[in-house]
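Asks: Sharing work-v1.txt, compact mmCIF, C-alpha atoms:
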```txt
# COMPACT_ATOMS: atom_id res chain seq x y z
CA MET A 1 3.57 31.18 -2.97
CA SER A 2 6.99 30.64 -1.44
CA PHE A 3 9.03 27.99 -3.21
CA LEU A 4 10.60 27.08 0.12
CA LEU A 5 7.16 26.38 1.60
CA PHE A 6 6.08 24.38 -1.44
CA ASP A 7 9.32 22.36 -1.51
CA THR A 8 9.13 21.71 2.24
CA ILE A 9 5.58 20.35 1.94
CA ARG A 10 6.62 18.29 -1.10
CA PHE A 11 9.61 16.91 0.84
CA VAL A 12 7.36 15.93 3.77
CA HIS A 13 4.93 14.33 1.30
CA LEU A 14 7.64 12.25 -0.41
CA LEU A 15 9.15 11.32 2.95
CA ALA A 16 5.75 10.00 4.08
CA VAL A 17 5.50 7.94 0.88
CA ILE A 18 8.98 6.51 1.42
CA ILE A 19 8.35 5.70 5.08
CA GLY A 20 4.95 4.14 4.34
CA PHE A 21 6.36 2.11 1.45
CA GLY A 22 9.40 0.94 3.42
CA VAL A 23 7.51 -0.04 6.55
CA SER A 24 4.81 -1.74 4.49
CA PHE A 25 7.47 -3.68 2.57
CA PHE A 26 9.09 -4.91 5.79
CA ALA A 27 5.68 -5.86 7.22
CA ASP A 28 5.02 -7.94 4.10
CA VAL A 29 8.43 -9.62 4.48
CA MET A 30 7.62 -10.48 8.10
CA ILE A 31 4.29 -11.94 7.07
CA LEU A 32 5.88 -13.97 4.27
CA ARG A 33 8.28 -15.44 6.84
CA THR A 34 5.24 -16.91 8.60
CA LEU A 35 4.63 -19.18 5.60
CA ARG A 36 7.12 -21.62 7.07
CA SER A 37 7.43 -20.45 10.68
CA ARG A 38 4.92 -19.82 13.41
CA VAL A 39 3.22 -16.50 14.02
CA ASP A 40 4.42 -15.48 17.49
CA ARG A 41 3.57 -12.60 19.81
CA HIS A 42 6.70 -10.67 18.82
CA THR A 43 5.80 -10.87 15.14
CA LEU A 44 2.23 -9.78 15.85
CA ALA A 45 3.38 -6.85 18.00
CA THR A 46 5.89 -5.75 15.34
CA ILE A 47 3.30 -5.96 12.56
CA ALA A 48 0.80 -3.99 14.68
CA LEU A 49 3.44 -1.27 15.23
CA GLN A 50 4.24 -1.23 11.52
CA HIS A 51 0.55 -0.87 10.73
CA ARG A 52 0.28 2.17 13.02
CA ILE A 53 3.34 3.72 11.34
CA VAL A 54 1.79 3.16 7.89
CA LEU A 55 -1.48 4.74 9.06
CA SER A 56 0.48 7.76 10.28
CA ALA A 57 2.35 7.97 6.97
CA LEU A 58 -0.98 7.86 5.12
CA ALA A 59 -2.35 10.70 7.27
CA VAL A 60 0.73 12.81 6.46
CA MET A 61 0.40 11.89 2.77
CA TRP A 62 -3.23 13.05 2.74
CA ALA A 63 -2.52 16.29 4.60
CA SER A 64 0.56 17.23 2.59
CA GLY A 65 -0.87 16.01 -0.72
CA LEU A 66 -4.09 17.97 -0.39
CA THR A 67 -2.08 21.03 0.68
CA LEU A 68 0.04 20.71 -2.47
CA VAL A 69 -3.07 20.39 -4.65
CA TRP A 70 -4.55 23.46 -2.99
CA LEU A 71 -1.34 25.49 -3.42
CA ARG A 72 -1.07 24.51 -7.10
CA THR A 73 -4.70 24.64 -8.17
CA GLY A 74 -6.84 26.17 -5.43
CA PHE A 75 -8.91 22.96 -5.85
CA ASP A 76 -10.03 24.13 -9.32
CA ALA A 77 -10.90 20.78 -10.97
CA GLY A 78 -9.94 22.14 -14.39
CA GLN A 79 -6.37 22.73 -13.25
CA ILE A 80 -5.85 19.31 -11.67
CA SER A 81 -3.78 17.01 -13.89
CA PRO A 82 -4.58 13.36 -14.66
CA LYS A 83 -1.51 12.41 -12.60
CA VAL A 84 -2.96 14.12 -9.52
CA TYR A 85 -6.28 12.34 -10.03
CA GLY A 86 -4.31 9.08 -10.34
CA LYS A 87 -2.47 9.88 -7.10
CA LEU A 88 -5.76 10.56 -5.33
CA LEU A 89 -7.13 7.22 -6.55
CA VAL A 90 -4.04 5.31 -5.45
CA VAL A 91 -3.87 6.94 -2.01
CA THR A 92 -7.60 6.29 -1.56
CA LEU A 93 -6.98 2.60 -2.36
CA LEU A 94 -4.04 2.57 0.05
CA THR A 95 -6.18 4.08 2.77
CA LEU A 96 -9.08 1.69 2.22
CA ASN A 97 -6.65 -1.22 2.12
CA ALA A 98 -5.13 -0.07 5.42
CA PHE A 99 -8.56 -0.24 7.02
CA VAL A 100 -9.09 -3.73 5.56
CA ILE A 101 -5.71 -4.74 6.98
CA GLY A 102 -6.69 -3.43 10.41
CA GLY A 103 -10.20 -4.89 10.33
CA PHE A 104 -9.62 -8.22 8.59
CA ALA A 105 -5.96 -9.20 8.12
CA MET A 106 -4.62 -8.25 11.55
CA PRO A 107 -7.39 -10.10 13.47
CA LEU A 108 -6.86 -13.12 11.21
CA LEU A 109 -3.13 -13.09 11.93
CA GLU A 110 -3.81 -12.77 15.66
CA ARG A 111 -5.97 -15.92 15.52
CA LEU A 112 -3.04 -17.67 13.82
CA GLU A 113 -0.74 -17.24 16.81
CA GLU A 114 1.49 -20.30 17.18
CA SER A 115 0.60 -21.56 13.71
CA ASN A 116 1.45 -20.27 10.24
CA LEU A 117 -0.16 -18.95 7.10
CA LEU A 118 0.06 -22.31 5.38
CA ASP A 119 -2.31 -23.67 8.02
CA LEU A 120 -5.03 -21.46 6.53
CA PRO A 121 -7.35 -22.81 3.86
CA LEU A 122 -7.09 -21.23 0.42
CA GLY A 123 -10.29 -19.24 1.05
CA ARG A 124 -8.43 -17.33 3.79
CA ARG A 125 -5.00 -17.17 2.12
CA LEU A 126 -6.33 -15.73 -1.13
CA PRO A 127 -7.86 -12.58 0.45
CA LEU A 128 -4.64 -12.04 2.40
CA ALA A 129 -2.63 -12.35 -0.81
CA CYS A 130 -4.92 -9.85 -2.54
CA ILE A 131 -4.63 -7.42 0.37
CA ALA A 132 -0.84 -7.66 0.20
CA ALA A 133 -0.90 -7.25 -3.58
CA ILE A 134 -3.09 -4.16 -3.42
CA SER A 135 -0.78 -2.71 -0.79
CA GLY A 136 2.35 -3.42 -2.83
CA ALA A 137 0.89 -2.17 -6.10
CA SER A 138 -0.43 0.97 -4.43
CA TRP A 139 2.87 1.86 -2.78
CA ILE A 140 4.85 1.20 -5.96
CA THR A 141 2.42 3.29 -8.00
CA ALA A 142 2.40 6.10 -5.42
CA LEU A 143 6.18 6.20 -5.46
CA ALA A 144 6.27 6.17 -9.27
CA PHE A 145 3.77 9.04 -9.43
CA GLY A 146 5.84 10.96 -6.91
CA VAL A 147 9.12 10.76 -8.79
CA SER A 148 8.22 10.49 -12.49
CA ASP A 149 8.41 13.61 -14.61
CA GLU A 150 6.99 11.72 -17.59
CA LEU A 151 3.82 10.79 -15.72
CA ALA A 152 3.35 14.45 -14.76
CA LYS A 153 2.77 15.24 -18.44
CA ALA A 154 0.98 12.01 -19.35
CA PRO A 155 -2.61 11.98 -20.59
CA ALA A 156 -5.36 10.38 -18.52
CA MET A 157 -5.31 7.17 -20.59
CA THR A 158 -1.63 6.60 -19.79
CA ILE A 159 -2.27 7.12 -16.07
CA GLU A 160 -5.20 4.69 -16.21
CA ASN A 161 -3.07 2.10 -18.02
CA VAL A 162 -0.25 2.42 -15.48
CA ILE A 163 -2.71 1.84 -12.65
CA LEU A 164 -4.52 -1.05 -14.35
CA LEU A 165 -1.35 -2.85 -15.47
CA THR A 166 0.37 -2.48 -12.12
CA PHE A 167 -2.61 -3.61 -10.06
CA GLY A 168 -3.64 -6.32 -12.50
CA GLY A 169 -0.15 -7.79 -12.72
CA VAL A 170 0.44 -7.79 -8.99
CA LEU A 171 -3.00 -9.26 -8.22
CA VAL A 172 -2.47 -12.07 -10.73
CA PHE A 173 0.94 -12.80 -9.18
CA ALA A 174 -0.55 -12.83 -5.67
CA CYS A 175 -3.33 -15.21 -6.70
CA ILE A 176 -0.85 -17.57 -8.35
CA LEU A 177 1.30 -17.49 -5.22
CA ALA A 178 -1.68 -18.09 -2.89
CA VAL A 179 -3.04 -20.96 -4.99
CA GLY A 180 0.36 -22.44 -5.82
CA VAL A 181 1.64 -22.77 -2.26
CA PRO A 182 0.06 -25.91 -0.82
CA ARG A 183 -1.24 -26.14 2.73
CA ARG A 184 0.92 -27.97 5.17
CA ARG A 185 -0.19 -31.42 6.03
CA ALA A 186 -0.85 -32.19 9.67
CA GLY A 187 1.60 -34.56 11.14
```
Could you rewrite the structure in this file as structure tokens?

Replies:
Amino acid sequence: MSFLLFDTIRFVHLLAVIIGFGVSFFADVMILRTLRSRVDRHTLATIALQHRIVLSALAVMWASGLTLVWLRTGFDAGQISPKVYGKLLVVTLLTLNAFVIGGFAMPLLERLEESNLLDLPLGRRLPLACIAAISGASWITALAFGVSDELAKAPAMTIENVILLTFGGVLVFACILAVGVPRRRAG
């Protein structure tokens, strides 16, 4: 295997992670701005574009990541490290979450045009907060797995704990934020 080929694929993979993470972060910032301001057409169009970019980044992550696994292991399960299994789990969660965003969160935001997130009842805000938390935790974990040499050598239990603590902490924070921010009063 050519090291140049391997490094090029790895570079493309990490670039896709960085682009997906960055665009996702800015989409979350735009959505948070709608807590106090109205959701307008421009915001909706920008978030829809950002969602398409994230979906593209995920497709590149899958293609390049699976290529890297194949080049390293030939898909021999015995040669795949716990870190790689953790990466596969996290990217699967990211991908599923992206479909939930497209199928649930985006249509909900579109119905909010000319109002804001605080106009939603808690039963609608809480799922949105959880979706955002899963997205954030997944991107942070994916980036950590991509750059950490220590996690490359870590046993399965360490990988599991990293995933559980990251997702658990972020989900708890999101729930507290969703419950703690009161709805606006009409008037």

Asks: I need the residue nearest Ser115 of chain A from this list: A:Asn161, A:Thr67, A:Asn97, A:Thr43. Use only C-alpha atoms for the distance.

Replies: A:Thr43

Asks: Which value, in Å to one decimal, gives the distance between atom CA of Ser37 of chain A and atom CA of Phe99 of chain A?

Replies: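 Those two atoms sit 26.0 Å apart.
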
Asks: If we count all atoms listed in the file and set the cut-off at 6 Å, which residues sit around segment 129-138 of chain A, ignoring sequence neighbours fewer than 5 positions away in its own chain? Please answer as a ChimeraX atom specification.

Replies: /A:90,94,167,170-171,174

Asks: Which residues of segment 40-148 of chain A come within 12 Å of segment 2-9 of chain A, and for each one, what is the closest pair of atoms and their distance in Å to one decimal, counting all atoms listed in the file, sorted by chain and residue number, as CSV?

Replies:
```
residue,atom,partner,partner_atom,distance
A:Val60,CA,A:Ile9,CA,10.0
A:Met61,CA,A:Ile9,CA,10.0
A:Trp62,CA,A:Ile9,CA,11.5
A:Ala63,CA,A:Ile9,CA,9.4
A:Ser64,CA,A:Ile9,CA,5.9
A:Gly65,CA,A:Ile9,CA,8.2
A:Leu66,CA,A:Ile9,CA,10.2
A:Thr67,CA,A:Ile9,CA,7.8
A:Leu68,CA,A:Ile9,CA,7.1
A:Val69,CA,A:Phe6,CA,10.5
A:Trp70,CA,A:Phe6,CA,10.8
A:Leu71,CA,A:Phe6,CA,7.8
A:Arg72,CA,A:Phe6,CA,9.1
```

Asks: Just to confirm, what's the straight-line distance from atom CA of Gly22 of chain A to atom CA of Gly102 of chain A in Å (one decimal)?

Replies: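 Atom-to-atom, atom CA of Gly22 of chain A and atom CA of Gly102 of chain A are spaced 18.1 Å apart.
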
Asks: Would you work out the distance separating atom CA of Ala45 of chain A from atom CA of Val12 of chain A, expressed in Å to one decimal?

Replies: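 Between atom CA of Ala45 of chain A and atom CA of Val12 of chain A the gap works out to 27.2 Å.
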
Asks: With 6 Å as the threshold, what does the neighbourhood of (2.9, 4.8, 2.1) contain in terms of residues, counting only C-alpha atoms? Coordinates are those of the file; answer as a ChimeraX atom specification.

Replies: /A:17,20-21,57-58,139

Asks: Kindly add N, CA and C atoms to the incomplete segment 54-77 of chain A and provide the output as an mmCIF file, in the frame of the given file.

Replies:
```cif
data_model
loop_
_atom_site.group_PDB
_atom_site.id
_atom_site.type_symbol
_atom_site.label_atom_id
_atom_site.label_comp_id
_atom_site.auth_asym_id
_atom_site.auth_seq_id
_atom_site.Cartn_x
_atom_site.Cartn_y
_atom_site.Cartn_z
ATOM 1 N N VAL A 54 2.340 2.974 9.249
ATOM 2 C CA VAL A 54 1.790 3.160 7.890
ATOM 3 C C VAL A 54 0.559 4.065 7.937
ATOM 4 N N LEU A 55 -0.310 3.862 8.928
ATOM 5 C CA LEU A 55 -1.480 4.740 9.060
ATOM 6 C C LEU A 55 -1.061 6.186 9.267
ATOM 7 N N SER A 56 -0.033 6.401 10.060
ATOM 8 C CA SER A 56 0.480 7.760 10.280
ATOM 9 C C SER A 56 1.051 8.332 8.986
ATOM 10 N N ALA A 57 1.795 7.516 8.253
ATOM 11 C CA ALA A 57 2.350 7.970 6.970
ATOM 12 C C ALA A 57 1.228 8.337 5.998
ATOM 13 N N LEU A 58 0.161 7.543 5.990
ATOM 14 C CA LEU A 58 -0.980 7.860 5.120
ATOM 15 C C LEU A 58 -1.633 9.179 5.521
ATOM 16 N N ALA A 59 -1.762 9.433 6.814
ATOM 17 C CA ALA A 59 -2.350 10.700 7.270
ATOM 18 C C ALA A 59 -1.490 11.875 6.812
ATOM 19 N N VAL A 60 -0.171 11.740 6.918
ATOM 20 C CA VAL A 60 0.730 12.810 6.460
ATOM 21 C C VAL A 60 0.638 12.957 4.945
ATOM 22 N N MET A 61 0.535 11.830 4.229
ATOM 23 C CA MET A 61 0.400 11.890 2.770
ATOM 24 C C MET A 61 -0.869 12.653 2.376
ATOM 25 N N TRP A 62 -1.983 12.352 3.048
ATOM 26 C CA TRP A 62 -3.230 13.050 2.740
ATOM 27 C C TRP A 62 -3.106 14.545 3.024
ATOM 28 N N ALA A 63 -2.604 14.879 4.207
ATOM 29 C CA ALA A 63 -2.520 16.290 4.600
ATOM 30 C C ALA A 63 -1.581 17.062 3.669
ATOM 31 N N SER A 64 -0.401 16.517 3.438
ATOM 32 C CA SER A 64 0.560 17.230 2.590
ATOM 33 C C SER A 64 0.131 17.211 1.128
ATOM 34 N N GLY A 65 -0.434 16.103 0.672
ATOM 35 C CA GLY A 65 -0.870 16.010 -0.720
ATOM 36 C C GLY A 65 -2.003 16.979 -1.033
ATOM 37 N N LEU A 66 -2.986 17.038 -0.166
ATOM 38 C CA LEU A 66 -4.090 17.970 -0.390
ATOM 39 C C LEU A 66 -3.620 19.420 -0.281
ATOM 40 N N THR A 67 -2.656 19.680 0.595
ATOM 41 C CA THR A 67 -2.080 21.030 0.680
ATOM 42 C C THR A 67 -1.384 21.390 -0.619
ATOM 43 N N LEU A 68 -0.637 20.454 -1.195
ATOM 44 C CA LEU A 68 0.040 20.710 -2.470
ATOM 45 C C LEU A 68 -0.968 20.965 -3.591
ATOM 46 N N VAL A 69 -2.040 20.172 -3.623
ATOM 47 C CA VAL A 69 -3.070 20.390 -4.650
ATOM 48 C C VAL A 69 -3.689 21.771 -4.474
ATOM 49 N N TRP A 70 -3.967 22.141 -3.254
ATOM 50 C CA TRP A 70 -4.550 23.460 -2.990
ATOM 51 C C TRP A 70 -3.599 24.579 -3.407
ATOM 52 N N LEU A 71 -2.313 24.448 -3.063
ATOM 53 C CA LEU A 71 -1.340 25.490 -3.420
ATOM 54 C C LEU A 71 -1.182 25.615 -4.936
ATOM 55 N N ARG A 72 -1.247 24.486 -5.636
ATOM 56 C CA ARG A 72 -1.070 24.510 -7.100
ATOM 57 C C ARG A 72 -2.333 24.929 -7.844
ATOM 58 N N THR A 73 -3.482 24.488 -7.363
ATOM 59 C CA THR A 73 -4.700 24.640 -8.170
ATOM 60 C C THR A 73 -5.824 25.393 -7.467
ATOM 61 N N GLY A 74 -5.729 25.585 -6.169
ATOM 62 C CA GLY A 74 -6.840 26.170 -5.430
ATOM 63 C C GLY A 74 -8.069 25.272 -5.470
ATOM 64 N N PHE A 75 -7.849 23.972 -5.704
ATOM 65 C CA PHE A 75 -8.910 22.960 -5.850
ATOM 66 C C PHE A 75 -9.821 23.233 -7.041
ATOM 67 N N ASP A 76 -9.300 23.932 -8.064
ATOM 68 C CA ASP A 76 -10.030 24.130 -9.320
ATOM 69 C C ASP A 76 -9.865 22.842 -10.138
ATOM 70 N N ALA A 77 -10.952 22.087 -10.305
ATOM 71 C CA ALA A 77 -10.900 20.780 -10.970
ATOM 72 C C ALA A 77 -10.299 20.870 -12.373
#
```
